[in-house]
There are 2 protein chains.
Amino acid sequence: MKRESDTRQKLLNTAVTLIWENSYGSISVDDICSRAGVNKGSFYYAYKSKSDLAAAAFEDHWNKKRGLMDEIFSSQVPPLERLEKYCDRVVQDQLDKYEKFGKLCGCPFSSIGSELSTQDEQIRKKAHELSERSMKYLACTLRDAAAEGTLETEDPVELARQVFCYAGGLMMQAKIENNPAVLKCLKKGVFRLVGANQVGSLV
Amino acid sequence: MKRESDTRQKLLNTAVTLIWENSYGSISVDDICSRAGVNKGSFYYAYKSKSDLAAAAFEDHWNKKRGLMDEIFSSQVPPLERLEKYCDRVVQDQLDKYEKFGKLCGCPFSSIGSELSTQDEQIRKKAHELSERSMKYLACTLRDAAAEGTLETEDPVELARQVFCYAGGLMMQAKIENNPAVLKCLKKGVFRLVGANQVGSLV
DNA sequence: CTTGCACTATACTAACCAGTCAACTAAGCT
DNA sequence: AGCTTAGTTGACTGGTTAGTATAGTGCAAG
């Protein structure tokens, strides 16, 4: 029978939070440990390096979001509505974080991926992998929309990438401006990009 | 009569290069000094902190790019052609860097801005300021295009922001994938976003 | 009761960090 | 020549870093 401890989980949660609000480079293992209420020895018993924990925390954070993503991108929902809900959710997440910390934190995957992609191959690969997963939702949605005729595209995979990059770029810009108002044009830009009218505006 | 030294300039150049290829957090003052062939004392004689140098290096890097930007966005050039040249240039810059270092480095302003915006207000402000300058070129171009009737927009400033964020997001994604092929859809996406046909495709 | 193992606690290392300082060099001015 | 001052030098400080070593704890099965 295994004895389980919540040390790993505490470290995962703390790592995501601290790194998201600050940056990988500015957060130390000691910071993570003391915030998580875990001793250094336990840290290195649970993970073999700081980079390892970060990669695991990435994966864990994604898993926590996955249920919601599956729901937003459910085939039961009309494709353009999925897209709209996704935009709303992205903006809402940023606003929640903003209210909580008084600063716009951007997308954790993109921020950390961008910071470390040239430094740490393990983290770059993980960031890449997670971005592919997000793009899958979008590609599928755009394919469905094309099939029902609400938008036209020859290449839903490429278009999904464009939408994804636009969203990521906008969050980054909002972070750089530290201004939630920047996010206002997320939906408008996405729909402009896919060349469709928003569901709401058709009513 | 002033005695001038190239210490400041050497530090500016070295800082941009090292931080661009790596990250602010992973590059130390000692790294910058030894690569620039400058002593630590001289560093702190020239700049009062690491963060100060970074901000100055930002500004300096922009100034070096400015001439080319003025040329690309010259009123003498038809607006949509400016947009195309801009895209070409962005991609070319990334490819040059990629060939030189074997890794995709992304946009230095966005990368460092994204890394430090929640940490260092001075750098966040500088990154913000420089992004505004880029967007000015784009807004002006889109306004001109609307005036000559090659595209439609109610709000060229907002559209410029969307274009800018899309480009930044795409560079970030290319960095995360460490794959120059990602950049291929820059132009297509930009023209999709502004709702115009590329100049080339009209011929 | 004891052996083994999952986990914790903390002191420690060796390298590294940003930043300081006082001594030094040399160029320009009178 | 002699003074002033911009600029240089590299050793130094005090604190922090990721990671380690080792002793210890508490549970569970034999």
# chains A, B, ... in the order shown; residues from 1 in each chain; ligands from 1
$ closest_atom_pairs --of "chain C" --to "chain B" --cutoff "12 Å" --atoms "only C-alpha atoms (C1' of nucleotides)" --output "JSON lines"
{"residue": "C:DC16", "atom": "C1'", "partner": "B:Ser28", "partner_atom": "CA", "distance": 9.2}
{"residue": "C:DC17", "atom": "C1'", "partner": "B:Ser28", "partner_atom": "CA", "distance": 7.6}
{"residue": "C:DA18", "atom": "C1'", "partner": "B:Val29", "partner_atom": "CA", "distance": 7.4}
{"residue": "C:DG19", "atom": "C1'", "partner": "B:Tyr44", "partner_atom": "CA", "distance": 8.0}
{"residue": "C:DT20", "atom": "C1'", "partner": "B:Gly41", "partner_atom": "CA", "distance": 8.7}
{"residue": "C:DC21", "atom": "C1'", "partner": "B:Gly41", "partner_atom": "CA", "distance": 9.2}
{"residue": "C:DA22", "atom": "C1'", "partner": "B:Gly41", "partner_atom": "CA", "distance": 11.5}
{"residue": "C:DA26", "atom": "C1'", "partner": "B:Arg3", "partner_atom": "CA", "distance": 10.6}
{"residue": "C:DA27", "atom": "C1'", "partner": "B:Arg3", "partner_atom": "CA", "distance": 7.5}
{"residue": "C:DG28", "atom": "C1'", "partner": "B:Met1", "partner_atom": "CA", "distance": 7.5}
{"residue": "C:DC29", "atom": "C1'", "partner": "B:Met1", "partner_atom": "CA", "distance": 9.7}
$ residues_around --residues "DA15 (chain C)" --least-positions-apart "4" --cutoff "12 Å" --atoms "only C-alpha atoms (C1' of nucleotides)" --output "ChimeraX atom specification"
/D:16-19
$ write_last_selection --atoms "N, CA and C atoms (P, O5', C5', C4', C3', O3' and C1' of nucleotides)" --output "PDB file, in the first residue's frame"
ATOM      1  P    DT D  16      19.099  37.320   0.455  1.00  0.00           P
ATOM      2  O5'  DT D  16      19.262  36.430  -0.858  1.00  0.00           O
ATOM      3  C5'  DT D  16      19.490  37.068  -2.117  1.00  0.00           C
ATOM      4  C4'  DT D  16      19.750  36.001  -3.153  1.00  0.00           C
ATOM      5  C3'  DT D  16      18.870  34.769  -2.995  1.00  0.00           C
ATOM      6  O3'  DT D  16      18.230  34.545  -4.234  1.00  0.00           O
ATOM      7  C1'  DT D  16      21.139  34.157  -3.242  1.00  0.00           C
ATOM      8  P    DT D  17      17.149  33.425  -4.427  1.00  0.00           P
ATOM      9  O5'  DT D  17      17.931  32.349  -5.294  1.00  0.00           O
ATOM     10  C5'  DT D  17      18.620  32.757  -6.481  1.00  0.00           C
ATOM     11  C4'  DT D  17      19.468  31.618  -6.991  1.00  0.00           C
ATOM     12  C3'  DT D  17      18.869  30.245  -6.776  1.00  0.00           C
ATOM     13  O3'  DT D  17      17.970  29.979  -7.841  1.00  0.00           O
ATOM     14  C1'  DT D  17      21.215  30.259  -6.272  1.00  0.00           C
ATOM     15  P    DA D  18      16.938  28.770  -7.669  1.00  0.00           P
ATOM     16  O5'  DA D  18      17.816  27.517  -8.104  1.00  0.00           O
ATOM     17  C5'  DA D  18      18.440  27.495  -9.385  1.00  0.00           C
ATOM     18  C4'  DA D  18      19.356  26.309  -9.453  1.00  0.00           C
ATOM     19  C3'  DA D  18      18.658  24.963  -9.335  1.00  0.00           C
ATOM     20  O3'  DA D  18      19.283  24.058 -10.231  1.00  0.00           O
ATOM     21  C1'  DA D  18      20.205  25.214  -7.542  1.00  0.00           C
ATOM     22  P    DG D  19      18.708  22.594 -10.410  1.00  0.00           P
ATOM     23  O5'  DG D  19      19.478  21.789  -9.273  1.00  0.00           O
ATOM     24  C5'  DG D  19      20.896  21.657  -9.379  1.00  0.00           C
ATOM     25  C4'  DG D  19      21.444  21.126  -8.076  1.00  0.00           C
ATOM     26  C3'  DG D  19      20.892  19.771  -7.619  1.00  0.00           C
ATOM     27  O3'  DG D  19      21.970  18.850  -7.579  1.00  0.00           O
ATOM     28  C1'  DG D  19      21.151  21.267  -5.830  1.00  0.00           C
TER      29       DG D  19
END
$ closest_residue --among "A:Ile27, A:Val194, A:Leu130, A:Ile176" --to "chain D" --atoms "only C-alpha atoms (C1' of nucleotides)"
A:Ile27
$ interface_residues --of "chain D" --to "chain B" --cutoff "10 Å" --atoms "only C-alpha atoms (C1' of nucleotides)" --output "list in words"
DA6, DG7, DT8, DT9 and DG10 of chain D
$ interface_residues --of "chain A" --to "chain B" --cutoff "7 Å" --atoms "only C-alpha atoms" --output "PDB file with N, CA and C atoms, in the first residue's frame"
ATOM      1  N   GLU A  21       2.542  34.505 -12.317  1.00  0.00           N
ATOM      2  CA  GLU A  21       2.469  35.908 -11.889  1.00  0.00           C
ATOM      3  C   GLU A  21       3.795  36.639 -12.029  1.00  0.00           C
ATOM      4  N   ASN A  22       4.865  35.894 -12.027  1.00  0.00           N
ATOM      5  CA  ASN A  22       6.181  36.523 -12.111  1.00  0.00           C
ATOM      6  C   ASN A  22       6.869  36.008 -13.360  1.00  0.00           C
ATOM      7  N   SER A  23       7.904  35.236 -13.203  1.00  0.00           N
ATOM      8  CA  SER A  23       8.511  34.572 -14.356  1.00  0.00           C
ATOM      9  C   SER A  23       9.370  33.436 -13.834  1.00  0.00           C
ATOM     10  N   GLY A  25      12.470  32.805 -14.378  1.00  0.00           N
ATOM     11  CA  GLY A  25      13.782  33.276 -13.962  1.00  0.00           C
ATOM     12  C   GLY A  25      13.788  34.012 -12.630  1.00  0.00           C
ATOM     13  N   SER A  26      12.670  34.612 -12.289  1.00  0.00           N
ATOM     14  CA  SER A  26      12.664  35.431 -11.076  1.00  0.00           C
ATOM     15  C   SER A  26      12.120  34.686  -9.868  1.00  0.00           C
ATOM     16  N   LYS A 103      -2.392  42.864 -11.790  1.00  0.00           N
ATOM     17  CA  LYS A 103      -1.599  42.958 -13.014  1.00  0.00           C
ATOM     18  C   LYS A 103      -2.035  41.892 -13.997  1.00  0.00           C
ATOM     19  N   CYS A 105      -1.504  39.025 -16.377  1.00  0.00           N
ATOM     20  CA  CYS A 105      -0.453  38.012 -16.376  1.00  0.00           C
ATOM     21  C   CYS A 105      -0.261  37.292 -17.709  1.00  0.00           C
ATOM     22  N   SER A 111       3.742  32.621 -22.039  1.00  0.00           N
ATOM     23  CA  SER A 111       4.735  33.445 -21.357  1.00  0.00           C
ATOM     24  C   SER A 111       5.972  32.635 -21.009  1.00  0.00           C
ATOM     25  N   GLY A 113       6.696  29.611 -22.098  1.00  0.00           N
ATOM     26  CA  GLY A 113       7.257  29.048 -23.326  1.00  0.00           C
ATOM     27  C   GLY A 113       8.148  30.052 -24.028  1.00  0.00           C
ATOM     28  N   SER A 114       7.685  31.272 -24.101  1.00  0.00           N
ATOM     29  CA  SER A 114       8.463  32.302 -24.776  1.00  0.00           C
ATOM     30  C   SER A 114       9.738  32.622 -24.016  1.00  0.00           C
ATOM     31  N   GLU A 115       9.644  32.640 -22.693  1.00  0.00           N
ATOM     32  CA  GLU A 115      10.838  32.941 -21.901  1.00  0.00           C
ATOM     33  C   GLU A 115      11.905  31.863 -22.040  1.00  0.00           C
ATOM     34  N   SER A 117      12.003  29.022 -24.288  1.00  0.00           N
ATOM     35  CA  SER A 117      12.161  28.176 -25.470  1.00  0.00           C
ATOM     36  C   SER A 117      13.582  28.116 -26.005  1.00  0.00           C
ATOM     37  N   THR A 118      14.318  29.194 -25.840  1.00  0.00           N
ATOM     38  CA  THR A 118      15.689  29.155 -26.337  1.00  0.00           C
ATOM     39  C   THR A 118      16.667  28.621 -25.292  1.00  0.00           C
ATOM     40  N   GLN A 119      16.154  28.333 -24.081  1.00  0.00           N
ATOM     41  CA  GLN A 119      17.036  27.929 -22.971  1.00  0.00           C
ATOM     42  C   GLN A 119      16.897  26.480 -22.573  1.00  0.00           C
ATOM     43  N   ARG A 124      10.447  23.866 -23.733  1.00  0.00           N
ATOM     44  CA  ARG A 124      10.008  24.249 -25.079  1.00  0.00           C
ATOM     45  C   ARG A 124       9.108  23.165 -25.670  1.00  0.00           C
ATOM     46  N   ALA A 127       5.714  23.167 -23.998  1.00  0.00           N
ATOM     47  CA  ALA A 127       4.908  24.312 -24.440  1.00  0.00           C
ATOM     48  C   ALA A 127       4.383  24.070 -25.850  1.00  0.00           C
ATOM     49  N   HIS A 128       5.231  23.533 -26.685  1.00  0.00           N
ATOM     50  CA  HIS A 128       4.835  23.221 -28.058  1.00  0.00           C
ATOM     51  C   HIS A 128       3.686  22.200 -28.052  1.00  0.00           C
ATOM     52  N   GLN A 162      -3.598  30.387 -37.020  1.00  0.00           N
ATOM     53  CA  GLN A 162      -3.663  31.853 -37.079  1.00  0.00           C
ATOM     54  C   GLN A 162      -4.516  32.404 -35.936  1.00  0.00           C
ATOM     55  N   CYS A 165      -2.548  32.013 -32.673  1.00  0.00           N
ATOM     56  CA  CYS A 165      -1.451  32.977 -32.551  1.00  0.00           C
ATOM     57  C   CYS A 165      -1.988  34.377 -32.287  1.00  0.00           C
ATOM     58  N   TYR A 166      -3.071  34.694 -32.931  1.00  0.00           N
ATOM     59  CA  TYR A 166      -3.667  36.005 -32.685  1.00  0.00           C
ATOM     60  C   TYR A 166      -4.067  36.145 -31.220  1.00  0.00           C
ATOM     61  N   GLY A 168      -2.920  34.479 -28.638  1.00  0.00           N
ATOM     62  CA  GLY A 168      -1.709  34.520 -27.812  1.00  0.00           C
ATOM     63  C   GLY A 168      -1.024  35.866 -27.886  1.00  0.00           C
ATOM     64  N   GLY A 169      -0.956  36.416 -29.084  1.00  0.00           N
ATOM     65  CA  GLY A 169      -0.323  37.721 -29.264  1.00  0.00           C
ATOM     66  C   GLY A 169      -1.090  38.813 -28.543  1.00  0.00           C
ATOM     67  N   LEU A 170      -2.404  38.702 -28.575  1.00  0.00           N
ATOM     68  CA  LEU A 170      -3.216  39.727 -27.917  1.00  0.00           C
ATOM     69  C   LEU A 170      -3.040  39.669 -26.397  1.00  0.00           C
ATOM     70  N   MET A 172      -0.428  38.621 -24.880  1.00  0.00           N
ATOM     71  CA  MET A 172       0.915  39.145 -24.601  1.00  0.00           C
ATOM     72  C   MET A 172       0.905  40.672 -24.618  1.00  0.00           C
ATOM     73  N   GLN A 173       0.217  41.229 -25.594  1.00  0.00           N
ATOM     74  CA  GLN A 173       0.155  42.685 -25.690  1.00  0.00           C
ATOM     75  C   GLN A 173      -0.577  43.279 -24.487  1.00  0.00           C
ATOM     76  N   LYS A 175      -0.621  42.067 -21.592  1.00  0.00           N
ATOM     77  CA  LYS A 175       0.333  41.969 -20.488  1.00  0.00           C
ATOM     78  C   LYS A 175       1.345  43.112 -20.554  1.00  0.00           C
ATOM     79  N   ILE A 176       1.847  43.354 -21.758  1.00  0.00           N
ATOM     80  CA  ILE A 176       2.842  44.412 -21.934  1.00  0.00           C
ATOM     81  C   ILE A 176       2.236  45.792 -21.652  1.00  0.00           C
ATOM     82  N   GLU A 177       0.982  45.962 -22.008  1.00  0.00           N
ATOM     83  CA  GLU A 177       0.329  47.245 -21.712  1.00  0.00           C
ATOM     84  C   GLU A 177      -0.247  47.243 -20.296  1.00  0.00           C
ATOM     85  N   GLY A 189     -11.399  40.341 -33.613  1.00  0.00           N
ATOM     86  CA  GLY A 189     -10.261  39.938 -34.440  1.00  0.00           C
ATOM     87  C   GLY A 189     -10.364  38.495 -34.897  1.00  0.00           C
ATOM     88  N   ARG A 192     -12.963  38.270 -37.571  1.00  0.00           N
ATOM     89  CA  ARG A 192     -12.436  38.890 -38.777  1.00  0.00           C
ATOM     90  C   ARG A 192     -11.496  37.923 -39.477  1.00  0.00           C
ATOM     91  N   LEU A 193     -10.707  37.258 -38.656  1.00  0.00           N
ATOM     92  CA  LEU A 193      -9.707  36.337 -39.184  1.00  0.00           C
ATOM     93  C   LEU A 193     -10.356  35.130 -39.863  1.00  0.00           C
TER      94      LEU A 193
END
$ atom_distance --atom1 "CA of Leu12 (chain B)" --atom2 "CA of Phe73 (chain B)"
26.2 Å
$ residues_around --residues "Ala56 (chain B)" --least-positions-apart "3" --cutoff "10 Å" --atoms "only C-alpha atoms (C1' of nucleotides)" --output "list in words"
Arg8, Leu11, Leu12, Ala15, Val16, Tyr47, Lys50, Ser51, Asp52, Leu53, Glu59, Asp60, His61, Trp62, Ile123 and Lys126 of chain B
